[in-house]
>>> print(open('structure.cif').read())   # mmCIF, C-alpha atoms
data_target
loop_
_atom_site.label_atom_id
_atom_site.label_comp_id
_atom_site.auth_asym_id
_atom_site.auth_seq_id
_atom_site.Cartn_x
_atom_site.Cartn_y
_atom_site.Cartn_z
CA MET A 1 -25.94 -11.18 -3.78
CA MET A 2 -24.62 -11.97 -0.29
CA GLU A 3 -21.05 -12.06 -1.61
CA LEU A 4 -21.59 -8.64 -3.20
CA ILE A 5 -22.85 -7.26 0.11
CA LYS A 6 -19.84 -8.69 1.96
CA ALA A 7 -17.43 -7.33 -0.66
CA SER A 8 -19.02 -3.87 -0.48
CA ALA A 9 -18.87 -3.93 3.31
CA GLY A 10 -15.22 -4.99 3.22
CA LEU A 11 -14.37 -2.26 0.72
CA CYS A 12 -16.02 0.46 2.81
CA LEU A 13 -14.61 -0.79 6.12
CA GLU A 14 -11.05 -1.08 4.84
CA LEU A 15 -11.17 2.41 3.34
CA ALA A 16 -12.57 3.70 6.64
CA VAL A 17 -9.70 2.11 8.58
CA PHE A 18 -7.14 3.57 6.14
CA PHE A 19 -8.74 7.00 6.41
CA CYS A 20 -8.85 6.94 10.22
CA ALA A 21 -5.27 5.71 10.51
CA GLY A 22 -4.05 8.31 8.02
CA SER A 23 -5.99 11.10 9.71
CA LEU A 24 -4.42 10.22 13.06
CA LEU A 25 -0.97 10.16 11.49
CA MET A 26 -1.50 13.57 9.89
CA TYR A 27 -2.81 14.86 13.22
CA VAL A 28 0.36 13.70 14.99
CA LEU A 29 2.66 15.02 12.25
CA LYS A 30 0.66 18.27 12.05
CA ILE A 31 0.09 17.93 8.30
CA LYS A 32 -2.82 19.86 6.84
CA ALA A 33 -5.90 17.64 6.73
CA GLU A 34 -6.79 16.34 3.28
CA ALA A 35 -8.85 13.24 2.59
CA SER A 36 -6.73 11.91 -0.28
CA LEU A 37 -3.52 12.21 1.71
CA ALA A 38 -5.17 10.62 4.71
CA LEU A 39 -6.08 7.56 2.63
CA ILE A 40 -2.55 7.27 1.20
CA PHE A 41 -0.75 7.74 4.50
CA GLY A 42 -3.22 5.49 6.29
CA TYR A 43 -2.68 2.77 3.68
CA LEU A 44 1.09 2.92 4.23
CA LEU A 45 0.76 3.05 8.02
CA TYR A 46 -1.71 0.17 8.02
CA PHE A 47 0.54 -2.21 6.09
CA SER A 48 3.63 -1.09 8.01
CA VAL A 49 2.06 -1.92 11.37
CA PHE A 50 0.55 -5.10 9.96
CA GLU A 51 3.98 -6.26 8.76
CA VAL A 52 5.57 -5.63 12.15
CA LEU A 53 2.74 -7.41 13.97
CA ALA A 54 1.96 -10.27 11.59
CA LEU A 55 5.45 -11.41 10.54
CA PRO A 56 6.48 -12.66 14.01
CA MET A 57 3.13 -14.45 14.26
CA VAL A 58 3.72 -16.16 10.92
CA LEU A 59 7.17 -17.33 11.96
CA ALA A 60 5.91 -18.42 15.39
CA TRP A 61 3.08 -20.54 13.91
CA VAL A 62 0.36 -18.45 15.57
CA PRO A 63 -3.16 -19.42 14.37
CA LEU A 64 -5.01 -17.10 12.02
CA LYS A 65 -7.82 -16.52 14.51
CA ILE A 66 -5.38 -14.99 17.01
CA LEU A 67 -4.12 -12.51 14.43
CA CYS A 68 -7.74 -11.73 13.50
CA ILE A 69 -8.63 -10.96 17.12
CA VAL A 70 -5.56 -8.82 17.76
CA TRP A 71 -5.83 -6.97 14.47
CA GLY A 72 -9.59 -6.50 14.79
CA ILE A 73 -9.18 -4.92 18.24
CA LEU A 74 -6.37 -2.67 16.99
CA MET A 75 -8.45 -1.49 14.02
CA ALA A 76 -11.46 -0.82 16.26
CA LEU A 77 -9.33 1.22 18.67
CA THR A 78 -7.86 3.20 15.76
CA VAL A 79 -11.29 4.09 14.40
CA CYS A 80 -12.64 5.02 17.86
CA LEU A 81 -9.62 7.19 18.65
CA ALA A 82 -9.86 8.96 15.28
CA VAL A 83 -13.57 9.65 15.78
CA PHE A 84 -12.94 10.96 19.30
CA LEU A 85 -10.06 13.27 18.33
CA LEU A 86 -10.98 14.34 14.81
CA ARG A 87 -14.78 14.47 14.61
CA GLY A 88 -14.74 18.29 14.73
CA GLN A 89 -12.14 18.45 11.96
CA TRP A 90 -14.18 16.06 9.81
CA ARG A 91 -17.29 18.23 10.22
CA LYS A 92 -15.36 21.17 8.81
CA GLN A 93 -14.14 19.04 5.90
CA LEU A 94 -17.69 17.94 5.12
CA GLY A 95 -18.75 21.58 5.15
CA GLY A 96 -16.15 22.30 2.47
CA LEU A 97 -17.37 19.60 0.07
CA PRO A 98 -19.35 22.04 -2.12
CA ASP A 99 -16.11 23.92 -2.82
CA ILE A 100 -14.47 20.81 -4.29
CA ARG A 101 -16.68 21.02 -7.37
CA LYS A 102 -15.58 24.63 -7.93
CA LEU A 103 -11.89 23.90 -7.38
CA HIS A 104 -11.80 20.96 -9.81
CA GLY A 105 -14.36 22.11 -12.34
CA ALA A 106 -15.40 19.67 -15.06
CA MET A 107 -12.14 17.77 -14.56
CA LEU A 108 -13.62 16.20 -11.44
CA PHE A 109 -16.16 14.24 -13.47
CA LEU A 110 -13.51 13.16 -15.97
CA VAL A 111 -11.25 11.84 -13.22
CA ILE A 112 -14.12 9.98 -11.57
CA ALA A 113 -15.00 8.38 -14.92
CA VAL A 114 -11.36 7.37 -15.49
CA ILE A 115 -11.06 5.76 -12.06
CA LEU A 116 -14.36 3.91 -12.47
CA LEU A 117 -13.13 2.61 -15.84
CA GLN A 118 -9.94 1.36 -14.19
CA CYS A 119 -11.90 -0.35 -11.42
CA MET A 120 -14.12 -2.05 -13.98
CA ILE A 121 -11.10 -3.33 -15.91
CA VAL A 122 -9.30 -4.78 -12.88
CA VAL A 123 -12.47 -6.45 -11.58
CA ILE A 124 -13.47 -8.01 -14.91
CA TYR A 125 -10.02 -9.07 -16.11
CA GLU A 126 -8.97 -12.58 -15.10
CA ASP A 127 -5.28 -13.34 -14.66
CA THR A 128 -4.34 -17.01 -14.39
CA THR A 129 -0.57 -16.86 -13.99
CA VAL A 130 1.45 -18.68 -11.34
CA ASP A 131 1.63 -15.50 -9.27
CA ALA A 132 -2.15 -15.23 -9.43
CA ALA A 133 -2.42 -18.76 -8.04
CA TYR A 134 -0.07 -17.83 -5.19
CA TYR A 135 -1.77 -14.59 -4.11
CA VAL A 136 -5.21 -16.20 -4.06
CA GLY A 137 -4.12 -19.71 -3.08
CA THR A 138 -2.19 -18.59 -0.02
CA VAL A 139 -5.21 -16.69 1.25
CA THR A 140 -7.42 -19.71 0.60
CA THR A 141 -5.19 -22.25 2.36
CA SER A 142 -4.70 -19.87 5.30
CA VAL A 143 -8.43 -19.25 5.73
CA HIS A 144 -9.49 -22.89 5.41
CA THR A 145 -6.72 -24.28 7.64
CA GLY A 146 -6.74 -21.47 10.19
CA THR A 147 -3.00 -20.94 9.77
CA LEU A 148 -0.74 -18.16 8.52
CA GLY A 149 0.79 -19.20 5.19
CA ARG A 150 1.93 -22.66 6.32
CA TYR A 151 0.41 -24.61 3.43
CA SER A 152 1.49 -24.58 -0.21
CA PRO A 153 -1.05 -22.69 -2.34
CA TYR A 154 -0.25 -24.98 -5.28
CA THR A 155 -0.51 -28.41 -3.64
CA GLY A 156 -2.11 -27.84 -0.25
CA VAL A 157 0.80 -29.68 1.39
CA LEU A 158 2.18 -28.43 4.70
CA TYR A 159 5.48 -26.60 4.22
CA LYS A 160 8.52 -28.06 5.94
CA LYS A 161 10.34 -24.76 5.47
CA PHE A 162 8.91 -21.33 4.75
CA GLN A 163 9.59 -19.97 1.27
CA SER A 164 12.09 -17.14 1.70
CA ARG A 165 10.75 -15.40 -1.39
CA TYR A 166 7.29 -14.97 0.15
CA VAL A 167 7.30 -15.46 3.91
CA PHE A 168 8.48 -11.94 4.78
CA SER A 169 5.66 -10.32 2.79
CA THR A 170 2.46 -10.44 4.83
CA TYR A 171 0.12 -8.85 2.27
CA PRO A 172 -1.74 -12.17 1.61
CA MET A 173 -2.25 -12.58 5.37
CA HIS A 174 -4.00 -9.20 5.41
CA ASN A 175 -6.49 -10.61 2.91
CA ALA A 176 -6.86 -13.76 4.99
CA VAL A 177 -7.70 -11.67 8.07
CA TRP A 178 -10.47 -9.80 6.26
CA CYS A 179 -11.83 -13.02 4.77
CA LYS A 180 -12.02 -14.50 8.24
CA LEU A 181 -13.52 -11.41 9.86
CA LEU A 182 -16.24 -10.78 7.27
CA GLY A 183 -16.65 -14.18 5.64
CA ILE A 184 -15.57 -12.85 2.22
CA HIS A 185 -14.50 -15.44 -0.34
CA PRO A 186 -10.68 -15.31 -0.86
CA ILE A 187 -11.00 -14.71 -4.62
CA VAL A 188 -13.41 -11.84 -4.05
CA GLN A 189 -11.25 -10.26 -1.36
CA ALA A 190 -7.99 -10.61 -3.28
CA LYS A 191 -9.14 -9.96 -6.84
CA VAL A 192 -12.06 -7.57 -6.35
CA VAL A 193 -11.97 -5.72 -3.03
CA MET A 194 -8.22 -5.16 -2.86
CA SER A 195 -7.90 -4.56 -6.60
CA VAL A 196 -10.39 -1.69 -6.38
CA ILE A 197 -8.73 -0.27 -3.25
CA ASN A 198 -5.27 -0.52 -4.84
CA VAL A 199 -6.49 1.28 -7.98
CA LEU A 200 -7.95 4.06 -5.85
CA ILE A 201 -4.78 4.50 -3.76
CA ALA A 202 -2.53 4.43 -6.85
CA ASN A 203 -4.58 7.18 -8.49
CA LEU A 204 -4.54 9.28 -5.33
CA VAL A 205 -0.74 9.03 -5.23
CA ILE A 206 -0.51 10.21 -8.86
CA TYR A 207 -2.90 13.04 -8.02
CA GLN A 208 -0.78 14.14 -5.07
CA ILE A 209 2.38 14.03 -7.18
CA GLY A 210 0.58 16.33 -9.60
CA ARG A 211 -0.35 18.67 -6.76
CA ARG A 212 3.32 18.85 -5.79
CA LEU A 213 4.61 19.32 -9.33
CA PHE A 214 2.01 21.95 -10.24
CA ARG A 215 2.24 23.83 -6.96
CA GLY A 216 -1.18 22.85 -5.70
CA GLY A 217 -3.04 23.08 -9.00
CA ARG A 218 -5.98 20.70 -8.71
CA LYS A 219 -7.10 20.76 -12.33
CA GLN A 220 -3.55 20.12 -13.54
CA ALA A 221 -3.26 17.23 -11.08
CA ASP A 222 -6.57 15.83 -12.34
CA LEU A 223 -5.26 16.00 -15.89
CA MET A 224 -2.09 14.20 -14.83
CA VAL A 225 -4.17 11.32 -13.44
CA CYS A 226 -5.94 11.03 -16.81
CA PHE A 227 -2.69 11.15 -18.79
CA VAL A 228 -1.02 8.52 -16.60
CA CYS A 229 -4.06 6.27 -17.09
CA LEU A 230 -3.82 6.74 -20.86
CA MET A 231 -0.09 5.98 -20.79
CA GLN A 232 -0.64 2.81 -18.78
CA LEU A 233 -3.40 1.62 -21.10
CA PHE A 234 -1.14 1.87 -24.14
CA SER A 235 2.19 0.70 -22.68
CA TYR A 236 1.60 -3.02 -22.52
CA THR A 237 4.67 -5.19 -21.95
CA ILE A 238 5.35 -7.63 -19.12
CA TYR A 239 7.72 -5.11 -17.54
CA THR A 240 5.62 -1.92 -17.41
CA PRO A 241 3.68 -0.69 -14.35
CA GLY A 242 0.57 -0.43 -16.53
CA THR A 243 0.50 -4.19 -17.07
CA PHE A 244 0.65 -4.82 -13.34
CA PHE A 245 -1.87 -2.04 -12.72
CA PHE A 246 -4.58 -3.42 -15.00
CA THR A 247 -3.96 -7.17 -14.97
CA ARG A 248 -2.27 -7.96 -11.66
CA SER A 249 -3.46 -5.20 -9.34
CA TYR A 250 -3.99 -7.62 -6.43
CA GLU A 251 -0.33 -8.75 -6.40
CA GLY A 252 2.40 -7.35 -4.19
CA LYS A 253 4.68 -6.45 -7.10
CA ALA A 254 1.87 -4.36 -8.59
CA LEU A 255 1.73 -2.35 -5.36
CA LEU A 256 5.46 -1.71 -5.52
CA ALA A 257 5.20 -0.47 -9.10
CA ASN A 258 2.07 1.64 -8.71
CA VAL A 259 2.04 2.74 -5.07
CA THR A 260 5.45 2.38 -3.40
CA PHE A 261 7.70 3.81 -6.10
CA PRO A 262 5.31 6.70 -6.90
CA VAL A 263 5.24 7.54 -3.17
CA VAL A 264 9.05 7.61 -3.22
CA LEU A 265 8.82 10.09 -6.12
CA TYR A 266 6.27 12.11 -4.16
CA CYS A 267 8.65 12.24 -1.18
CA ALA A 268 11.54 13.25 -3.44
CA VAL A 269 9.55 16.21 -4.81
CA TRP A 270 8.44 17.00 -1.27
CA PHE A 271 12.09 17.01 -0.17
CA TRP A 272 12.99 19.34 -3.05
CA GLN A 273 10.28 21.79 -2.03
CA GLU A 274 10.57 21.52 1.76
CA GLN A 275 14.04 20.43 2.83
CA LYS A 276 13.33 21.09 6.51
CA SER A 277 10.19 18.94 6.72
CA ARG A 278 10.55 15.99 9.08
CA SER A 279 7.20 14.51 8.17
CA LEU A 280 8.41 13.36 4.76
CA TRP A 281 10.98 11.08 6.41
CA VAL A 282 8.26 9.44 8.48
CA ILE A 283 6.22 8.81 5.33
CA LEU A 284 9.26 7.51 3.46
CA PHE A 285 10.11 5.16 6.34
CA LEU A 286 6.54 3.82 6.38
CA THR A 287 6.78 3.36 2.62
CA SER A 288 9.88 1.24 3.11
CA VAL A 289 8.28 -0.96 5.78
CA SER A 290 5.05 -1.40 3.82
CA ALA A 291 7.07 -2.30 0.71
CA VAL A 292 8.41 -5.35 2.57
CA ALA A 293 4.82 -6.28 3.42
CA PHE A 294 3.86 -6.07 -0.27
CA SER A 295 6.56 -8.08 -2.00
CA GLY A 296 10.04 -9.54 -1.81
CA SER A 297 10.89 -7.35 -4.79
CA SER A 298 11.12 -4.50 -2.26
CA ILE A 299 14.79 -5.49 -2.13
CA ILE A 300 15.34 -2.90 -4.89
CA LEU A 301 13.70 -0.05 -2.99
CA PRO A 302 17.00 1.42 -1.66
CA ALA A 303 17.98 2.09 -5.29
CA ALA A 304 14.72 3.98 -5.88
CA VAL A 305 15.07 5.97 -2.64
CA SER A 306 18.67 6.84 -3.51
CA ALA A 307 17.72 7.94 -7.03
CA GLY A 308 15.01 10.22 -5.65
CA ILE A 309 16.68 11.61 -2.54
CA LEU A 310 20.44 11.78 -3.13
CA PRO A 311 20.37 14.25 -6.08
CA VAL A 312 18.29 16.67 -4.01
CA LEU A 313 20.40 16.06 -0.91
CA PHE A 314 23.67 16.92 -2.68
CA LYS A 315 22.19 19.69 -4.82
CA ARG A 316 20.81 21.48 -1.77
CA LYS A 317 23.71 20.35 0.45
CA GLN A 318 21.34 19.00 3.09
CA PHE A 319 23.90 16.58 4.53
CA SER A 320 22.13 16.59 7.89
CA ALA A 321 19.44 14.49 6.17
CA LEU A 322 21.86 11.62 5.50
CA VAL A 323 20.90 9.84 8.72
CA SER A 324 17.20 10.05 7.89
CA TYR A 325 17.91 8.86 4.35
CA ILE A 326 19.76 5.78 5.66
CA LEU A 327 17.06 5.01 8.24
CA CYS A 328 14.40 5.08 5.54
CA MET A 329 16.21 2.31 3.67
CA LEU A 330 16.90 0.23 6.78
CA PRO A 331 13.72 -1.95 6.66
CA THR A 332 14.41 -3.18 3.12
CA ILE A 333 18.13 -3.58 3.87
CA LEU A 334 17.30 -5.77 6.88
CA TYR A 335 14.91 -7.76 4.71
CA ALA A 336 17.64 -8.23 2.09
CA CYS A 337 20.03 -9.51 4.76
CA ALA A 338 17.46 -12.00 6.05
CA TYR A 339 16.56 -13.13 2.54
CA PHE A 340 20.16 -13.79 1.50
CA ALA A 341 20.86 -15.47 4.84
CA VAL A 342 18.07 -17.95 4.08
CA LYS A 343 19.17 -18.41 0.46
CA GLY A 344 22.77 -18.93 1.57
CA GLY A 345 21.80 -21.56 4.12
CA TRP A 346 22.88 -19.52 7.15
CA LEU A 347 19.29 -19.20 8.39
CA THR A 348 16.49 -21.75 8.24
CA LEU A 349 12.82 -20.88 8.70
CA TRP A 350 11.01 -24.05 9.72
CA ALA A 351 7.28 -24.16 9.04
CA SER A 352 6.50 -27.53 10.61
#
>>> encode(input="structure.cif", output="structure tokens")
Amino acid sequence: MMELIKASAGLCLELAVFFCAGSLLMYVLKIKAEASLALIFGYLLYFSVFEVLALPMVLAWVPLKILCIVWGILMALTVCLAVFLLRGQWRKQLGGLPDIRKLHGAMLFLVIAVILLQCMIVVIYEDTTVDAAYYVGTVTTSVHTGTLGRYSPYTGVLYKKFQSRYVFSTYPMHNAVWCKLLGIHPIVQAKVVMSVINVLIANLVIYQIGRRLFRGGRKQADLMVCFVCLMQLFSYTIYTPGTFFFTRSYEGKALLANVTFPVVLYCAVWFWQEQKSRSLWVILFLTSVSAVAFSGSSIILPAAVSAGILPVLFKRKQFSALVSYILCMLPTILYACAYFAVKGGWLTLWAS
């Protein structure tokens, strides 16, 4: 029962932090307030800032408790600032809640049922692959040794050199921080709390893509969420996003497949509809940074960004956007350079 209480508290607190961070970002970018977008943008901003802050600490052998203190203070300041600046805006949003039922109609209940079904599947399903051992084991060794990814999740032995495939992706360290702050068991945090959050964010991204494609139509976007869920349920191979979505939702690669790449598609549609918007480049840049935090497979993100942005750029002849397009790929390009430098022996990352 206590573990359930901790998990519920962690789920609510993390969503609150994402919402506050996203609301502040939308406030700065002057994007129309919307709860679902605030959660998505806050999720991307959160992991982008966490990557920038945590990676140097990992490489510098900083103890886990130091990262917990720094990150805890930063999250508290974010929430306090959001409450101070946006409390009036939130009151107005709460006043508009009765209209949501009218705008979505019966589709609202169908979407809620679909998302609850997805959450139930990812919580109940048990994946015991090598990757599963890594994403839970790394959190466990970090929490119980008070370090940041310095011990092998398979053997418990202290690394002599950091693993280039994993060290640049700080997503497991995020789980370790929350385990330390709230006393949540690593398996519960990784496989339950974050799985549910990741399912929610992935569905919100699909919903927002639907809003873009159907020119704001909420019911059509709701239906798109249901159809995508159906497609993922019945497209089971080891290579499809649906497999990662339902069986490996707590892994970094699953976030690339079901959050990062859909956000790139969202930004591409956004670019097609609003070529002059500068906000989309900020979101795309944050997507690129957070992708590095999720998984080393983010090395392929420039291909996805190019596939989504370049056709629109040349079709609409928006060549002034080339600089922004290149900047948005820079984080993953820098990661690729560092990764190949380590693999080629030109750079060594000592862990002990």
>>> closest_residue(input="structure.cif", among="A:Ser23, A:Thr287, A:Val58, A:Arg278", to="A:Thr147", atoms="all atoms listed in the file")
A:Val58
>>> resolve_selection(input="structure.cif", expression="the PyMOL selection byres ((chain A and resi 250) around 6)", output="list in words")
Ala190, Lys191, Ser195, Arg248, Ser249 and Glu251 of chain A
>>> atom_distance(input="structure.cif", atom1="atom CA of A:Thr141", atom2="atom CA of A:Lys180")
11.9 Å
>>> closest_residue(input="structure.cif", among="A:Gln189, A:Ser279, A:Ser290, A:Ser235", to="A:Leu256", atoms="all atoms listed in the file")
A:Ser290
>>> closest_residue(input="structure.cif", among="A:Tyr239, A:Tyr154, A:Trp71, A:Phe314", to="A:Lys253", atoms="only C-alpha atoms")
A:Tyr239
>>> residues_around(input="structure.cif", residues="stretch 296-303 of chain A", least_positions_apart="3", cutoff="7 Å", atoms="only C-alpha atoms", output="PyMOL selection string")
chain A and resi 165-166+169+253+291-292+306-307+329+332+336
>>> write_last_selection(input="structure.cif", atoms="C-alpha atoms", output="PDB file, in the frame of the given file")
ATOM      1  CA  ARG A 165      10.750 -15.400  -1.390  1.00  0.00           C
ATOM      2  CA  TYR A 166       7.290 -14.970   0.150  1.00  0.00           C
ATOM      3  CA  SER A 169       5.660 -10.320   2.790  1.00  0.00           C
ATOM      4  CA  LYS A 253       4.680  -6.450  -7.100  1.00  0.00           C
ATOM      5  CA  ALA A 291       7.070  -2.300   0.710  1.00  0.00           C
ATOM      6  CA  VAL A 292       8.410  -5.350   2.570  1.00  0.00           C
ATOM      7  CA  SER A 306      18.670   6.840  -3.510  1.00  0.00           C
ATOM      8  CA  ALA A 307      17.720   7.940  -7.030  1.00  0.00           C
ATOM      9  CA  MET A 329      16.210   2.310   3.670  1.00  0.00           C
ATOM     10  CA  THR A 332      14.410  -3.180   3.120  1.00  0.00           C
ATOM     11  CA  ALA A 336      17.640  -8.230   2.090  1.00  0.00           C
TER      12      ALA A 336
END
>>> closest_residue(input="structure.cif", among="A:Ala38, A:Gly216, A:Ile333, A:Leu117", to="A:Phe246", atoms="only C-alpha atoms")
A:Leu117
>>> resolve_selection(input="structure.cif", expression="the PyMOL selection byres ((chain A and resi 107-114) around 12)", output="ChimeraX atom specification")
/A:99-106,115-121,199-200,203-204,206-207,217-230,233
>>> resolve_selection(input="structure.cif", expression="the PyMOL selection byres ((chain A and resi 212) around 12)", output="list in words")
Val205, Ile206, Tyr207, Gln208, Ile209, Gly210, Arg211, Leu213, Phe214, Arg215, Gly216, Gly217, Arg218, Gln220, Ala221, Met224, Val263, Leu265, Tyr266, Cys267, Ala268, Val269, Trp270, Phe271, Trp272, Gln273 and Glu274 of chain A
>>> atom_distance(input="structure.cif", atom1="atom CA of A:Leu330", atom2="atom CA of A:Phe168")
14.9 Å
>>> residues_around(input="structure.cif", residues="A:Met26", least_positions_apart="5", cutoff="8 Å", atoms="only C-alpha atoms", output="PyMOL selection string")
chain A and resi 31-33+38+41
>>> closest_residue(input="structure.cif", among="A:Thr78, A:Ser324, A:Gln93, A:Thr138", to="A:Trp281", atoms="all atoms listed in the file")
A:Ser324
>>> residues_around(input="structure.cif", residues="A:Ser152", least_positions_apart="3", cutoff="12 Å", atoms="all atoms listed in the file", output="list in words")
Ala133, Tyr134, Tyr135, Val136, Gly137, Thr138, Val139, Thr140, Thr141, Ser142, Thr145, Thr147, Leu148, Gly149, Thr155, Gly156, Val157, Leu158, Tyr159, Lys160, Lys161, Phe162, Gln163, Tyr166, Val167 and Ala351 of chain A
>>> write_last_selection(input="structure.cif", atoms="C-alpha atoms", output="PDB file, in the frame of the given file")
ATOM      1  CA  ALA A 133      -2.420 -18.760  -8.040  1.00  0.00           C
ATOM      2  CA  TYR A 134      -0.070 -17.830  -5.190  1.00  0.00           C
ATOM      3  CA  TYR A 135      -1.770 -14.590  -4.110  1.00  0.00           C
ATOM      4  CA  VAL A 136      -5.210 -16.200  -4.060  1.00  0.00           C
ATOM      5  CA  GLY A 137      -4.120 -19.710  -3.080  1.00  0.00           C
ATOM      6  CA  THR A 138      -2.190 -18.590  -0.020  1.00  0.00           C
ATOM      7  CA  VAL A 139      -5.210 -16.690   1.250  1.00  0.00           C
ATOM      8  CA  THR A 140      -7.420 -19.710   0.600  1.00  0.00           C
ATOM      9  CA  THR A 141      -5.190 -22.250   2.360  1.00  0.00           C
ATOM     10  CA  SER A 142      -4.700 -19.870   5.300  1.00  0.00           C
ATOM     11  CA  THR A 145      -6.720 -24.280   7.640  1.00  0.00           C
ATOM     12  CA  THR A 147      -3.000 -20.940   9.770  1.00  0.00           C
ATOM     13  CA  LEU A 148      -0.740 -18.160   8.520  1.00  0.00           C
ATOM     14  CA  GLY A 149       0.790 -19.200   5.190  1.00  0.00           C
ATOM     15  CA  THR A 155      -0.510 -28.410  -3.640  1.00  0.00           C
ATOM     16  CA  GLY A 156      -2.110 -27.840  -0.250  1.00  0.00           C
ATOM     17  CA  VAL A 157       0.800 -29.680   1.390  1.00  0.00           C
ATOM     18  CA  LEU A 158       2.180 -28.430   4.700  1.00  0.00           C
ATOM     19  CA  TYR A 159       5.480 -26.600   4.220  1.00  0.00           C
ATOM     20  CA  LYS A 160       8.520 -28.060   5.940  1.00  0.00           C
ATOM     21  CA  LYS A 161      10.340 -24.760   5.470  1.00  0.00           C
ATOM     22  CA  PHE A 162       8.910 -21.330   4.750  1.00  0.00           C
ATOM     23  CA  GLN A 163       9.590 -19.970   1.270  1.00  0.00           C
ATOM     24  CA  TYR A 166       7.290 -14.970   0.150  1.00  0.00           C
ATOM     25  CA  VAL A 167       7.300 -15.460   3.910  1.00  0.00           C
ATOM     26  CA  ALA A 351       7.280 -24.160   9.040  1.00  0.00           C
TER      27      ALA A 351
END
>>> build_atoms(input="structure.cif", residues="stretch 236-251 of chain A", atoms="N, CA and C atoms", output="compact mmCIF listing (two decimals), in the coordinates of the input")
# COMPACT_ATOMS: atom_id res chain seq x y z
N TYR A 236 1.75 -1.63 -22.97
CA TYR A 236 1.60 -3.02 -22.52
C TYR A 236 2.83 -3.85 -22.87
N THR A 237 3.66 -4.13 -21.88
CA THR A 237 4.67 -5.19 -21.95
C THR A 237 4.67 -5.84 -20.57
N ILE A 238 5.35 -6.95 -20.42
CA ILE A 238 5.35 -7.63 -19.12
C ILE A 238 6.15 -6.88 -18.07
N TYR A 239 6.84 -5.82 -18.48
CA TYR A 239 7.72 -5.11 -17.54
C TYR A 239 7.16 -3.76 -17.10
N THR A 240 6.09 -3.27 -17.71
CA THR A 240 5.62 -1.92 -17.41
C THR A 240 4.65 -1.91 -16.23
N PRO A 241 4.63 -0.80 -15.47
CA PRO A 241 3.68 -0.69 -14.35
C PRO A 241 2.24 -0.82 -14.81
N GLY A 242 1.93 -0.35 -16.04
CA GLY A 242 0.57 -0.43 -16.53
C GLY A 242 0.05 -1.85 -16.61
N THR A 243 0.90 -2.78 -17.00
CA THR A 243 0.50 -4.19 -17.07
C THR A 243 0.13 -4.70 -15.69
N PHE A 244 0.95 -4.40 -14.70
CA PHE A 244 0.65 -4.82 -13.34
C PHE A 244 -0.59 -4.10 -12.82
N PHE A 245 -0.75 -2.84 -13.20
CA PHE A 245 -1.87 -2.04 -12.72
C PHE A 245 -3.21 -2.63 -13.17
N PHE A 246 -3.30 -3.00 -14.44
CA PHE A 246 -4.58 -3.42 -15.00
C PHE A 246 -4.82 -4.93 -14.95
N THR A 247 -3.76 -5.72 -14.91
CA THR A 247 -3.96 -7.17 -14.97
C THR A 247 -3.56 -7.90 -13.70
N ARG A 248 -2.76 -7.27 -12.85
CA ARG A 248 -2.27 -7.96 -11.66
C ARG A 248 -2.31 -7.03 -10.44
N SER A 249 -3.38 -6.25 -10.36
CA SER A 249 -3.46 -5.20 -9.34
C SER A 249 -3.58 -5.74 -7.92
N TYR A 250 -3.86 -7.02 -7.76
CA TYR A 250 -3.99 -7.62 -6.43
C TYR A 250 -2.68 -8.23 -5.94
N GLU A 251 -1.62 -8.16 -6.77
CA GLU A 251 -0.33 -8.75 -6.40
C GLU A 251 0.58 -7.73 -5.73
